[in-house]
file start28.tsv (TSV, C-alpha atoms)
chain	number	residue	atom	x	y	z
Z	29	MET	CA	0.00	0.00	0.00
Z	30	MET	CA	1.29	3.45	-0.94
Z	31	GLN	CA	2.15	5.46	2.19
Z	32	THR	CA	1.72	9.22	2.35
Z	33	ARG	CA	5.04	11.06	2.56
Z	34	PHE	CA	5.72	14.57	3.83
Z	35	THR	CA	7.90	16.63	1.48
Z	36	GLY	CA	8.54	19.84	3.45
Z	37	SER	CA	11.87	20.95	4.93
Z	38	PHE	CA	12.34	20.98	8.70
Z	39	THR	CA	15.25	23.43	8.39
Z	40	GLN	CA	13.68	26.00	6.05
Z	41	GLN	CA	12.54	29.12	7.86
Z	42	GLU	CA	10.26	31.79	6.43
Z	43	PRO	CA	11.91	34.47	4.28
Z	44	ILE	CA	13.25	37.50	6.09
Z	45	PRO	CA	10.55	40.23	5.80
Z	46	GLU	CA	11.03	42.69	2.97
Z	47	GLU	CA	11.24	45.64	5.36
Z	48	ALA	CA	14.07	43.86	7.21
Z	49	ILE	CA	15.88	43.25	3.92
Z	50	GLU	CA	15.49	46.93	3.05
Z	51	ALA	CA	16.85	47.94	6.47
Z	52	ALA	CA	19.80	45.60	6.01
Z	53	VAL	CA	20.57	47.02	2.57
Z	54	ALA	CA	20.43	50.55	3.99
Z	55	ALA	CA	22.87	49.54	6.72
Z	56	LEU	CA	25.20	48.01	4.14
Z	57	ARG	CA	25.06	51.09	1.93
Z	58	GLY	CA	25.84	53.30	4.89
Z	59	ALA	CA	28.80	51.04	5.79
Z	60	ARG	CA	28.48	51.95	9.49
Z	61	LEU	CA	28.10	48.36	10.66
Z	62	HIS	CA	29.92	48.71	13.98
Z	63	ARG	CA	27.36	49.61	16.61
Z	64	TYR	CA	29.43	52.61	17.80
Z	65	GLY	CA	30.46	53.85	14.33
Z	66	LEU	CA	27.80	56.57	14.28
Z	67	ARG	CA	27.52	60.18	13.24
Z	68	PRO	CA	27.10	62.70	16.08
Z	69	GLY	CA	23.58	62.46	17.48
Z	70	GLU	CA	22.69	59.36	15.42
Z	71	VAL	CA	20.82	56.47	17.06
Z	72	GLY	CA	22.11	53.25	15.55
Z	73	GLU	CA	20.22	50.06	14.73
Z	74	ALA	CA	21.61	48.17	17.74
Z	75	ALA	CA	20.55	50.89	20.18
Z	76	ALA	CA	17.11	51.10	18.58
Z	77	LEU	CA	16.70	47.33	18.86
Z	78	GLU	CA	17.67	47.43	22.54
Z	79	ARG	CA	15.02	50.05	23.28
Z	80	GLU	CA	12.33	48.25	21.28
Z	81	PHE	CA	13.06	44.84	22.79
Z	82	ALA	CA	13.14	46.23	26.34
Z	83	ASP	CA	9.75	47.85	25.76
Z	84	TRP	CA	8.33	44.66	24.24
Z	85	GLN	CA	9.75	42.46	27.01
Z	86	GLY	CA	8.65	44.85	29.76
Z	87	SER	CA	12.14	45.20	31.22
Z	88	ARG	CA	14.10	48.35	32.11
Z	89	TYR	CA	17.28	47.41	30.30
Z	90	CYS	CA	18.38	45.42	27.25
Z	91	LEU	CA	21.81	44.64	25.81
Z	92	ALA	CA	22.33	43.30	22.26
Z	93	VAL	CA	25.20	40.80	21.89
Z	94	THR	CA	26.63	38.29	19.44
Z	95	SER	CA	24.76	35.16	20.55
Z	96	GLY	CA	22.48	33.67	23.15
Z	97	GLY	CA	25.44	31.75	24.56
Z	98	GLN	CA	27.38	35.00	25.00
Z	99	ALA	CA	24.34	36.55	26.71
Z	100	ILE	CA	24.44	33.69	29.25
Z	101	GLN	CA	28.20	33.91	29.81
Z	102	ILE	CA	28.05	37.66	30.27
Z	103	ALA	CA	25.09	37.31	32.65
Z	104	LEU	CA	26.97	34.81	34.81
Z	105	ARG	CA	30.06	37.05	34.97
Z	106	ALA	CA	27.98	40.16	35.66
Z	107	ALA	CA	26.18	38.27	38.44
Z	108	ALA	CA	29.60	37.70	40.07
Z	109	VAL	CA	29.65	33.92	39.65
Z	110	ALA	CA	33.16	33.05	40.79
Z	111	PRO	CA	35.50	30.37	39.42
Z	112	GLY	CA	34.81	27.06	41.13
Z	113	ALA	CA	31.38	28.14	42.36
Z	114	PRO	CA	28.52	25.63	42.01
Z	115	VAL	CA	25.79	26.71	39.59
Z	116	LEU	CA	22.51	24.82	39.42
Z	117	THR	CA	21.07	24.08	35.98
Z	118	ASN	CA	18.81	21.63	34.14
Z	119	ALA	CA	20.06	18.13	33.44
Z	120	PHE	CA	18.05	18.37	30.19
Z	121	THR	CA	19.24	21.30	28.12
Z	122	LEU	CA	21.51	22.03	25.15
Z	123	ALA	CA	25.27	22.17	25.38
Z	124	PRO	CA	25.70	26.00	25.41
Z	125	VAL	CA	24.08	26.12	28.88
Z	126	PRO	CA	26.55	23.95	30.83
Z	127	GLY	CA	29.15	25.27	28.41
Z	128	ALA	CA	28.57	28.83	29.62
Z	129	ILE	CA	28.95	27.73	33.25
Z	130	HIS	CA	32.19	25.94	32.40
Z	131	ALA	CA	33.43	28.95	30.38
Z	132	VAL	CA	33.31	31.22	33.45
Z	133	GLY	CA	35.16	28.60	35.50
Z	134	ALA	CA	32.14	27.57	37.57
Z	135	ARG	CA	30.87	24.05	38.31
Z	136	PRO	CA	27.53	22.83	36.90
Z	137	VAL	CA	25.26	21.04	39.38
Z	138	LEU	CA	22.65	19.25	37.29
Z	139	VAL	CA	19.04	19.15	38.49
Z	140	GLU	CA	16.65	16.37	37.48
Z	141	ILE	CA	13.68	17.01	35.19
Z	142	ASP	CA	10.16	15.63	35.60
Z	143	ASP	CA	8.16	13.61	33.09
Z	144	ASP	CA	6.88	16.86	31.52
Z	145	LEU	CA	10.47	18.03	30.74
Z	146	ARG	CA	10.46	20.76	33.39
Z	147	LEU	CA	12.91	21.24	36.22
Z	148	ASP	CA	12.10	18.91	39.13
Z	149	LEU	CA	11.50	21.50	41.84
Z	150	ASP	CA	11.88	19.02	44.71
Z	151	ASP	CA	15.29	18.00	43.36
Z	152	LEU	CA	16.14	21.69	42.92
Z	153	ALA	CA	15.44	22.35	46.61
Z	154	ARG	CA	17.50	19.32	47.68
Z	155	LYS	CA	20.48	20.22	45.51
Z	156	ALA	CA	20.35	23.89	46.46
Z	157	GLU	CA	20.69	22.82	50.08
Z	158	ALA	CA	23.35	20.18	49.46
Z	159	SER	CA	25.53	22.18	47.05
Z	160	GLY	CA	25.35	25.61	48.66
Z	161	ALA	CA	24.88	27.07	45.17
Z	162	ARG	CA	23.86	30.71	45.01
Z	163	CYS	CA	22.98	30.79	41.31
Z	164	LEU	CA	20.48	28.91	39.14
Z	165	LEU	CA	20.87	29.07	35.37
Z	166	LEU	CA	17.32	28.03	34.51
Z	167	SER	CA	16.91	26.66	31.00
Z	168	HIS	CA	13.34	26.83	29.70
Z	169	MET	CA	14.35	23.91	27.54
Z	170	ARG	CA	12.34	23.44	24.35
Z	171	GLY	CA	9.83	26.03	25.55
Z	172	HIS	CA	8.56	24.31	28.71
Z	173	LEU	CA	8.04	26.68	31.64
Z	174	CYS	CA	8.03	25.12	35.10
Z	175	ASP	CA	5.93	26.50	37.97
Z	176	MET	CA	7.72	29.84	38.14
Z	177	ASP	CA	5.91	30.97	41.29
Z	178	ARG	CA	7.12	27.96	43.27
Z	179	LEU	CA	10.58	28.10	41.68
Z	180	MET	CA	11.06	31.69	42.80
Z	181	GLU	CA	9.90	30.78	46.33
Z	182	ILE	CA	12.62	28.11	46.44
Z	183	ALA	CA	15.19	30.56	45.09
Z	184	ARG	CA	14.33	33.18	47.71
Z	185	ALA	CA	14.39	30.62	50.52
Z	186	HIS	CA	17.93	29.53	49.55
Z	187	GLY	CA	19.31	32.95	48.57
Z	188	ILE	CA	19.67	31.90	44.93
Z	189	THR	CA	20.06	34.32	42.02
Z	190	VAL	CA	18.06	33.15	38.99
Z	191	ILE	CA	19.26	33.73	35.43
Z	192	GLU	CA	16.79	32.56	32.78
Z	193	ASP	CA	17.84	30.98	29.51
Z	194	CYS	CA	14.90	31.99	27.29
Z	195	ALA	CA	16.30	30.81	23.96
Z	196	HIS	CA	13.13	28.73	23.43
Z	197	THR	CA	10.63	30.95	25.25
Z	198	MET	CA	10.85	34.42	23.72
Z	199	GLY	CA	7.26	35.63	24.16
Z	200	ALA	CA	6.13	32.81	26.48
Z	201	ARG	CA	4.39	33.70	29.75
Z	202	TRP	CA	3.66	32.16	33.15
Z	203	ASN	CA	0.57	33.61	34.80
Z	204	GLY	CA	0.84	36.58	32.44
Z	205	VAL	CA	4.51	37.35	33.18
Z	206	ARG	CA	6.95	36.99	30.30
Z	207	SER	CA	9.75	34.47	30.65
Z	208	GLY	CA	12.95	36.36	31.43
Z	209	ASN	CA	11.23	38.69	33.89
Z	210	PHE	CA	11.30	36.42	36.96
Z	211	GLY	CA	14.96	36.38	37.92
Z	212	LEU	CA	17.87	38.80	37.76
Z	213	ALA	CA	18.21	38.47	33.99
Z	214	GLY	CA	16.74	36.93	30.85
Z	215	CYS	CA	18.99	35.62	28.06
Z	216	PHE	CA	17.59	35.32	24.52
Z	217	SER	CA	18.88	33.96	21.23
Z	218	THR	CA	18.27	35.22	17.69
Z	219	GLN	CA	19.92	32.24	16.01
Z	220	THR	CA	18.12	31.10	12.87
Z	221	TYR	CA	16.07	28.35	14.54
Z	222	LYS	CA	14.79	30.58	17.33
Z	223	HIS	CA	11.87	33.06	17.28
Z	224	LEU	CA	13.77	35.94	15.66
Z	225	ASN	CA	16.30	35.20	12.93
Z	226	SER	CA	19.58	37.05	12.46
Z	227	GLY	CA	21.69	33.94	11.86
Z	228	GLU	CA	23.39	34.46	15.21
Z	229	GLY	CA	22.68	37.01	17.90
Z	230	GLY	CA	21.57	37.45	21.49
Z	231	LEU	CA	19.74	39.78	23.84
Z	232	LEU	CA	20.14	40.19	27.59
Z	233	THR	CA	17.48	41.90	29.74
Z	234	SER	CA	17.32	42.97	33.39
Z	235	ASP	CA	15.81	45.54	35.71
Z	236	ASP	CA	19.02	45.83	37.77
Z	237	PRO	CA	21.15	48.86	36.75
Z	238	ASP	CA	24.39	47.72	38.40
Z	239	PHE	CA	24.14	44.26	36.84
Z	240	MET	CA	23.44	45.73	33.41
Z	241	ALA	CA	26.31	48.20	33.69
Z	242	ARG	CA	28.71	45.32	34.37
Z	243	ALA	CA	27.21	43.35	31.48
Z	244	THR	CA	27.54	46.28	29.10
Z	245	ILE	CA	31.24	46.76	29.83
Z	246	LEU	CA	31.76	42.99	29.51
Z	247	SER	CA	30.07	43.04	26.09
Z	248	GLY	CA	32.79	45.37	24.79
Z	249	SER	CA	31.31	48.85	25.04
Z	250	TYR	CA	34.67	50.49	25.80
Z	251	MET	CA	33.65	53.85	27.29
Z	252	LEU	CA	30.77	54.29	24.80
Z	253	TYR	CA	28.08	52.84	27.07
Z	254	ALA	CA	26.01	56.02	26.82
Z	255	ARG	CA	25.21	55.08	23.20
Z	256	HIS	CA	23.05	52.14	24.24
Z	257	GLY	CA	19.33	52.33	23.68
Z	258	ALA	CA	18.15	50.78	26.94
Z	259	GLY	CA	21.04	51.02	29.41
Z	260	PRO	CA	21.43	52.42	32.91
Z	261	GLY	CA	22.63	55.92	33.71
Z	262	PRO	CA	26.32	56.93	33.90
Z	263	GLU	CA	26.46	56.60	37.69
Z	264	SER	CA	26.11	52.82	37.40
Z	265	PHE	CA	29.31	52.61	35.33
Z	266	GLU	CA	31.68	54.33	37.76
Z	267	ALA	CA	33.15	51.08	39.12
Z	268	PRO	CA	32.43	48.56	36.31
Z	269	ARG	CA	34.31	50.53	33.66
Z	270	TYR	CA	37.52	49.85	35.60
Z	271	GLU	CA	36.71	46.34	36.83
Z	272	MET	CA	35.07	44.43	33.97
Z	273	PRO	CA	37.09	42.92	31.08
Z	274	ASN	CA	36.12	43.59	27.47
Z	275	LEU	CA	34.85	40.36	25.87
Z	276	SER	CA	34.10	41.87	22.41
Z	277	ALA	CA	30.59	40.42	22.14
Z	278	ARG	CA	28.79	43.37	20.53
Z	279	MET	CA	25.90	42.93	18.12
Z	280	ASP	CA	26.51	44.76	14.83
Z	281	ALA	CA	24.14	47.13	13.04
Z	282	LEU	CA	23.38	44.67	10.23
Z	283	ARG	CA	21.94	42.01	12.50
Z	284	ALA	CA	20.02	44.57	14.53
Z	285	ALA	CA	18.49	46.01	11.34
Z	286	VAL	CA	17.31	42.52	10.32
Z	287	LEU	CA	15.75	41.88	13.74
Z	288	ARG	CA	13.72	45.03	14.36
Z	289	PRO	CA	10.97	44.38	11.76
Z	290	GLN	CA	10.73	40.76	12.90
Z	291	LEU	CA	10.10	41.84	16.48
Z	292	ALA	CA	7.03	43.75	15.32
Z	293	ARG	CA	5.57	40.44	14.03
Z	294	LEU	CA	6.48	38.23	16.98
Z	295	GLU	CA	3.08	38.19	18.73
Z	296	GLU	CA	1.34	37.23	15.48
Z	297	ASN	CA	3.95	34.54	14.81
Z	298	THR	CA	3.54	33.13	18.31
Z	299	ASP	CA	-0.12	32.47	17.54
Z	300	ARG	CA	0.85	30.85	14.24
Z	301	TRP	CA	3.40	28.53	15.93
Z	302	ASN	CA	0.88	27.53	18.56
Z	303	ARG	CA	-1.72	26.59	15.96
Z	304	ARG	CA	0.83	24.33	14.27
Z	305	TYR	CA	1.79	22.78	17.59
Z	306	GLU	CA	-1.86	22.05	18.39
Z	307	ALA	CA	-2.40	20.45	14.97
Z	308	VAL	CA	0.42	17.96	15.56
Z	309	ALA	CA	-0.52	17.45	19.21
Z	310	ALA	CA	-4.14	16.68	18.31
Z	311	GLU	CA	-2.97	13.79	16.12
Z	312	LEU	CA	-0.40	12.45	18.59
Z	313	ALA	CA	-2.94	12.56	21.43
Z	314	GLY	CA	-4.87	9.84	19.59
Z	315	SER	CA	-2.05	7.33	20.02
Z	316	ALA	CA	-2.02	4.77	22.84
Z	317	ARG	CA	1.80	4.64	22.64
Z	318	ILE	CA	2.75	8.33	22.44
Z	319	THR	CA	2.95	10.55	25.53
Z	320	LEU	CA	2.89	14.35	25.27
Z	321	PRO	CA	4.18	16.68	28.00
Z	322	ASP	CA	1.46	18.40	29.99
Z	323	ARG	CA	0.99	22.10	29.19
Z	324	PRO	CA	-0.29	23.66	32.44
Z	325	GLU	CA	-2.99	26.32	32.43
Z	326	PRO	CA	-0.75	29.22	33.63
Z	327	GLU	CA	1.68	28.65	30.72
Z	328	ARG	CA	1.34	30.51	27.44
Z	329	MET	CA	3.80	28.67	25.21
Z	330	VAL	CA	5.54	29.47	21.94
Z	331	GLY	CA	5.13	26.17	20.11
Z	332	SER	CA	7.97	26.34	17.60
Z	333	SER	CA	8.88	22.73	18.34
Z	334	ILE	CA	7.13	19.71	19.82
Z	335	GLN	CA	8.40	16.94	22.08
Z	336	PHE	CA	6.89	13.55	22.86
Z	337	ARG	CA	7.84	10.15	24.24
Z	338	VAL	CA	7.16	6.58	23.20
Z	339	PRO	CA	7.84	5.02	26.62
Z	340	ASP	CA	7.62	1.35	25.64
Z	341	LEU	CA	10.46	1.54	23.07
Z	342	ASP	CA	13.98	0.33	23.78
Z	343	ALA	CA	17.04	1.99	22.21
Z	344	ALA	CA	16.86	-0.11	19.05
Z	345	GLY	CA	13.15	0.64	18.75
Z	346	CYS	CA	13.82	4.37	19.11
Z	347	ARG	CA	16.43	4.31	16.35
Z	348	ASP	CA	14.07	2.35	14.12
Z	349	PHE	CA	11.22	4.80	14.80
Z	350	VAL	CA	13.45	7.75	13.80
Z	351	ALA	CA	14.49	5.92	10.62
Z	352	ARG	CA	10.92	4.99	9.64
Z	353	ALA	CA	9.63	8.51	10.24
Z	354	GLY	CA	12.58	9.88	8.26
Z	355	ALA	CA	11.79	7.58	5.35
Z	356	ARG	CA	8.40	9.28	5.19
Z	357	GLY	CA	9.92	12.77	5.30
Z	358	VAL	CA	9.47	13.51	9.03
Z	359	GLU	CA	12.74	14.55	10.68
Z	360	LEU	CA	13.00	13.65	14.38
Z	361	LYS	CA	15.73	14.20	16.93
Z	362	TRP	CA	16.17	11.58	19.66
Z	363	PHE	CA	17.68	12.57	23.00
Z	364	GLY	CA	18.39	8.99	24.10
Z	365	SER	CA	21.37	8.45	21.83
Z	366	ALA	CA	24.67	7.58	23.51
Z	367	ASP	CA	26.48	10.03	21.21
Z	368	PRO	CA	25.79	13.72	20.50
Z	369	LEU	CA	24.17	14.21	17.09
Z	370	GLY	CA	23.66	17.57	15.38
Z	371	PHE	CA	22.32	20.07	17.90
Z	372	THR	CA	21.20	17.28	20.24
Z	373	SER	CA	23.22	16.11	23.24
Z	374	ALA	CA	22.69	14.81	26.75
Z	375	HIS	CA	24.55	15.24	30.02
Z	376	ARG	CA	26.56	12.04	29.52
Z	377	SER	CA	28.37	13.63	26.56
Z	378	TRP	CA	29.38	16.82	28.46
Z	379	ARG	CA	32.70	15.40	29.62
Z	380	TYR	CA	33.87	18.78	30.88
Z	381	VAL	CA	31.15	18.38	33.55
Z	382	SER	CA	31.71	15.89	36.39
Z	383	ALA	CA	29.54	12.79	35.96
Z	384	GLN	CA	26.33	13.00	37.97
Z	385	ASP	CA	23.65	10.44	38.85
Z	386	LEU	CA	20.39	11.50	37.16
Z	387	PRO	CA	18.17	8.42	36.89
Z	388	ARG	CA	14.87	10.24	36.32
Z	389	THR	CA	16.30	12.44	33.59
Z	390	ASP	CA	17.93	9.44	31.92
Z	391	ARG	CA	14.64	7.54	31.96
Z	392	VAL	CA	12.79	10.46	30.33
Z	393	LEU	CA	15.47	11.15	27.71
Z	394	ALA	CA	15.71	7.47	26.74
Z	395	THR	CA	12.44	7.68	24.77
Z	396	LEU	CA	12.21	11.43	24.11
Z	397	PHE	CA	11.78	12.76	20.57
Z	398	ASP	CA	11.93	16.34	19.38
Z	399	MET	CA	10.73	17.99	16.17
Z	400	ARG	CA	10.90	21.53	14.80
Z	401	LEU	CA	7.73	23.25	13.55
Z	402	PRO	CA	8.86	26.02	11.19
Z	403	LEU	CA	6.29	28.54	10.02
Z	404	THR	CA	6.88	27.36	6.47
Z	405	PHE	CA	4.59	24.43	7.40
Z	406	SER	CA	0.85	24.88	7.04
Z	407	GLU	CA	-1.56	23.60	9.67
Z	408	ALA	CA	-2.58	20.88	7.22
Z	409	ASP	CA	1.10	19.90	6.92
Z	410	CYS	CA	1.24	19.56	10.70
Z	411	THR	CA	-1.83	17.34	10.77
Z	412	LEU	CA	-0.21	15.10	8.15
Z	413	ILE	CA	3.04	14.97	10.13
Z	414	GLY	CA	1.12	13.94	13.25
Z	415	THR	CA	-0.69	11.23	11.31
Z	416	ILE	CA	2.59	9.82	9.97
Z	417	LEU	CA	4.07	9.72	13.46
Z	418	ARG	CA	1.01	7.91	14.84
Z	419	GLU	CA	1.21	5.35	12.06
Z	420	GLU	CA	4.94	4.77	12.48
Z	421	ALA	CA	4.55	4.43	16.24
Z	422	GLY	CA	2.28	1.49	15.50
Z	423	GLU	CA	-0.47	2.98	17.62
Z	424	VAL	CA	-3.98	1.89	18.37
Z	425	ASP	CA	-6.14	4.98	17.89
Z	426	GLN	CA	-7.71	5.96	21.23
Z	427	ARG	CA	-9.92	8.76	19.96
Z	428	PRO	CA	-13.68	8.22	20.01
Z	429	ALA	CA	-15.12	7.18	16.67
Z	430	ALA	CA	-16.91	9.85	14.70
Z	431	ARG	CA	-20.69	9.72	14.90
Z	432	PRO	CA	-22.42	8.48	11.73
call {"tool": "encode", "arguments": {"input": "start28.tsv", "output": "structure tokens"}}
result
Amino acid sequence: MMQTRFTGSFTQQEPIPEEAIEAAVAALRGARLHRYGLRPGEVGEAAALEREFADWQGSRYCLAVTSGGQAIQIALRAAAVAPGAPVLTNAFTLAPVPGAIHAVGARPVLVEIDDDLRLDLDDLARKAEASGARCLLLSHMRGHLCDMDRLMEIARAHGITVIEDCAHTMGARWNGVRSGNFGLAGCFSTQTYKHLNSGEGGLLTSDDPDFMARATILSGSYMLYARHGAGPGPESFEAPRYEMPNLSARMDALRAAVLRPQLARLEENTDRWNRRYEAVAAELAGSARITLPDRPEPERMVGSSIQFRVPDLDAAGCRDFVARAGARGVELKWFGSADPLGFTSAHRSWRYVSAQDLPRTDRVLATLFDMRLPLTFSEADCTLIGTILREEAGEVDQRPAARP
């Protein structure tokens, strides 16, 4: 029997908006691509982006940098995380998160996740007590927000500074509050497969003027910090300008020009991603073998990817499932592989981090699959993709039969 095959590309993003292309061309023609290479009185693209993103995010300050990973490293340094200090973070995340902790000389302490891919808050409390850590680098991995109210209660009780990795949650909310606005700082990525696309790029937000002054000097502002669009006043820079090293992590005018028009469309695009997520999820929910993470009522997600488990598969079955879905045009990532593949890795392959016992996380990752949902897919495409995955999982449909 002929099987339906999906023919779309899981790596093809939507075209950059025409107004962004025009802004980029204007920046190229002007040749003033360095964020500080401005005429007297001119507000550059990077400064304008900082002001616009701060206003959109609802934060006092914003700093534009070269990548989301650099935003995290700068945030850790600006938060005075010392070499050798323990830093709590998710056992399930992508390599730039523990990599940033390692890069500042600190020691990652990995916290278990629950069956819904969120930080296990009971394990967080235990490890905060046992490790003496005073910083949590919270990764909202693959767009799943944990109970942020309870998390912040735990952080306050243990004197923990929270830095949020929002690479997958730009625009997401918990009880109406945007991700990135709970802790000291929010770190965002504008890499191609995130919610704004400049190829590479990052944004760092905070309401703390002293923290942001340190971060700005670290980013490589020299003594030109007054040219930022959403930075603190000059009094906050009196000490940091002598104390912070220059890490040369500035965003350039070209990338900022590309991002500003995209930001204006982000709320609309969030709704579009979520409709695509729901189309796939509606199909997968009909399978007796597939388990979807719970999406709690207080969470407003940005569904640019979807995750699910097939708990009764062993490792060979997982590899076979990926291969069979791939043969029908559906590209899956599997987090249970013993070796890092593409963008996907697990804590066992971070050999710069001391080995840690994480049985619950390992059990979840063993049968966890991940799939991008680019906006180049239609909702009908997403329904087809969900159907293919149900068929290849070998499911028994659990949905009620349609009435005659």
call {"tool": "closest_residue", "arguments": {"input": "start28.tsv", "among": "Z:His62, Z:His168, Z:Arg352, Z:Arg418", "to": "Thr319 of chain Z", "atoms": "only C-alpha atoms"}}
result
Z:Arg418
call {"tool": "closest_residue", "arguments": {"input": "start28.tsv", "among": "Z:Ala123, Z:Val381, Z:Val137, Z:Ala183", "to": "Ala158 of chain Z", "atoms": "all atoms listed in the file"}}
result
Z:Val137
call {"tool": "residues_around", "arguments": {"input": "start28.tsv", "residues": "Ala55 of chain Z", "least_positions_apart": "3", "cutoff": "10 Å", "atoms": "all atoms listed in the file", "output": "list of chain:residue names"}}
result
Z:Ile49, Z:Glu50, Z:Ala51, Z:Ala52, Z:Gly58, Z:Ala59, Z:Arg60, Z:Leu61, Z:Gly72, Z:Glu73, Z:Ala281, Z:Leu282, Z:Arg283, Z:Ala284, Z:Ala285, Z:Val286
call {"tool": "write_last_selection", "arguments": {"input": "start28.tsv", "atoms": "C-alpha atoms", "output": "PDB file, in the frame of the given file"}}
result
ATOM      1  CA  ILE Z  49      15.880  43.250   3.920  1.00  0.00           C
ATOM      2  CA  GLU Z  50      15.490  46.930   3.050  1.00  0.00           C
ATOM      3  CA  ALA Z  51      16.850  47.940   6.470  1.00  0.00           C
ATOM      4  CA  ALA Z  52      19.800  45.600   6.010  1.00  0.00           C
ATOM      5  CA  GLY Z  58      25.840  53.300   4.890  1.00  0.00           C
ATOM      6  CA  ALA Z  59      28.800  51.040   5.790  1.00  0.00           C
ATOM      7  CA  ARG Z  60      28.480  51.950   9.490  1.00  0.00           C
ATOM      8  CA  LEU Z  61      28.100  48.360  10.660  1.00  0.00           C
ATOM      9  CA  GLY Z  72      22.110  53.250  15.550  1.00  0.00           C
ATOM     10  CA  GLU Z  73      20.220  50.060  14.730  1.00  0.00           C
ATOM     11  CA  ALA Z 281      24.140  47.130  13.040  1.00  0.00           C
ATOM     12  CA  LEU Z 282      23.380  44.670  10.230  1.00  0.00           C
ATOM     13  CA  ARG Z 283      21.940  42.010  12.500  1.00  0.00           C
ATOM     14  CA  ALA Z 284      20.020  44.570  14.530  1.00  0.00           C
ATOM     15  CA  ALA Z 285      18.490  46.010  11.340  1.00  0.00           C
ATOM     16  CA  VAL Z 286      17.310  42.520  10.320  1.00  0.00           C
TER      17      VAL Z 286
END
call {"tool": "axis_aligned_box", "arguments": {"input": "start28.tsv", "around": "segment 401-409 of chain Z", "padding_each_side": "5 Å", "output": "lines of an AutoDock Vina configuration file"}}
result
center_x = 3.1
center_y = 24.2
center_z = 10.0
size_x = 21.4
size_y = 18.6
size_z = 17.1
call {"tool": "residues_around", "arguments": {"input": "start28.tsv", "residues": "segment 394-408 of chain Z", "least_positions_apart": "5", "cutoff": "7 Å", "atoms": "all atoms listed in the file", "output": "ChimeraX atom specification"}}
result
/Z:38,40-42,301,303-304,307,332-339,341,346,359-364
call {"tool": "closest_residue", "arguments": {"input": "start28.tsv", "among": "Z:Pro260, Z:Asn297, Z:Gln101, Z:Gly248", "to": "Ser276 of chain Z", "atoms": "all atoms listed in the file"}}
result
Z:Gly248
call {"tool": "residues_near_point", "arguments": {"input": "start28.tsv", "point": "(14.1, 23.4, 24.0)", "cutoff": "8 Å", "atoms": "all atoms listed in the file", "output": "list in words"}}
result
Thr121, Leu122, His168, Met169, Arg170, Gly171, His172, Ala195, His196 and Ser333 of chain Z
